[in-house]
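Engineer: After the structure tokens below, expect a handful of questions from me.
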Amino acid sequence: MKVYTKSYSDVDRAVVNGKTEGLAKVICDSDGFILGTSIFGERAHEMLGKVQLLKTLQIPLSALKDSIRPYPSYSELLLELSKDMDRG
């Protein structure tokens, strides 16, 4: 099991909007599949929907790093979490 966390202060959209208070935490099994997630902060509900879709379809979190999303957006938080999986 591995826990990945990222602060809203690492997200360009949050910085631009002045909404840097927040955190995302994703717990994955040894294969990178999502076991649980907590996100609090601006637009958390939108990101939780994306995480739930990955979990339901049994897609590992790392798959997000190959997806296309608008920039800057709060969903960059999920992209950064997926990149963290490669960093160990």
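Quick note on naming: the chains in the structure tokens go A, B, ... in the order shown, residues restart at 1 in each chain, and ligands are numbered from 1 in order of appearance.
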If you count only C-alpha atoms, which residues fall within 12 Å of Ser30 in chain A, apart from same-chain ones fewer than 5 positions away, as a list in words?

Structural biologist: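 My list of contacting residues is Met1, Lys2, Val3, Leu35, Pro60, Leu61, Met85 and Gly88 of chain A.
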
Engineer: Would you pick out the contacts of Ala24 in chain A at 7 Å or less, using only C-alpha atoms, so that residues sharing its chain but fewer than 5 positions from it are not included, and give the list as an NGL selection string?

Structural biologist: :A and (5-7 or 38-40)

Engineer: Just write the chosen residues, C-alpha atoms, as a short mmCIF file (atom, residue, chain, number, x, y, z; two decimals), in the first residue's frame.

Structural biologist:
```cif
data_model
loop_
_atom_site.label_atom_id
_atom_site.label_comp_id
_atom_site.auth_asym_id
_atom_site.auth_seq_id
_atom_site.Cartn_x
_atom_site.Cartn_y
_atom_site.Cartn_z
CA THR A 5 -0.47 13.46 -1.06
CA LYS A 6 -0.36 16.80 -2.81
CA SER A 7 -1.16 20.31 -1.64
CA SER A 38 -9.70 12.26 0.44
CA ILE A 39 -9.72 15.67 -1.19
CA PHE A 40 -10.63 18.90 0.52
#
```

Engineer: Can you tell me, as number ranges by chain, what residues are no more than 10 Å from Thr20 in chain A when counting only C-alpha atoms, ignoring any on the same chain fewer than 3 positions away?

Structural biologist: A: 7-17, 23, 41-42

Engineer: Identify which of the residues A:His45, A:Lys50, A:Lys55, A:Lys65 lies closest to Lys83 in chain A, counting only C-alpha atoms when measuring atom-to-atom distances.

Structural biologist: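 Smallest separation from Lys83 in chain A among the options: A:Lys65.
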
Engineer: To one decimal in Å, tell me the separation between CA of Gln58 in chain A and CA of Phe33 in chain A.

Structural biologist: 6.8 Å

Engineer: Select, from A:Leu54, A:Val26, A:Ala63, A:Met47, the residue with the minimum atom-to-atom distance to Asp86 in chain A, counting only C-alpha atoms.

Structural biologist: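 With only C-alpha atoms as the atom set, the closest residue is A:Ala63.
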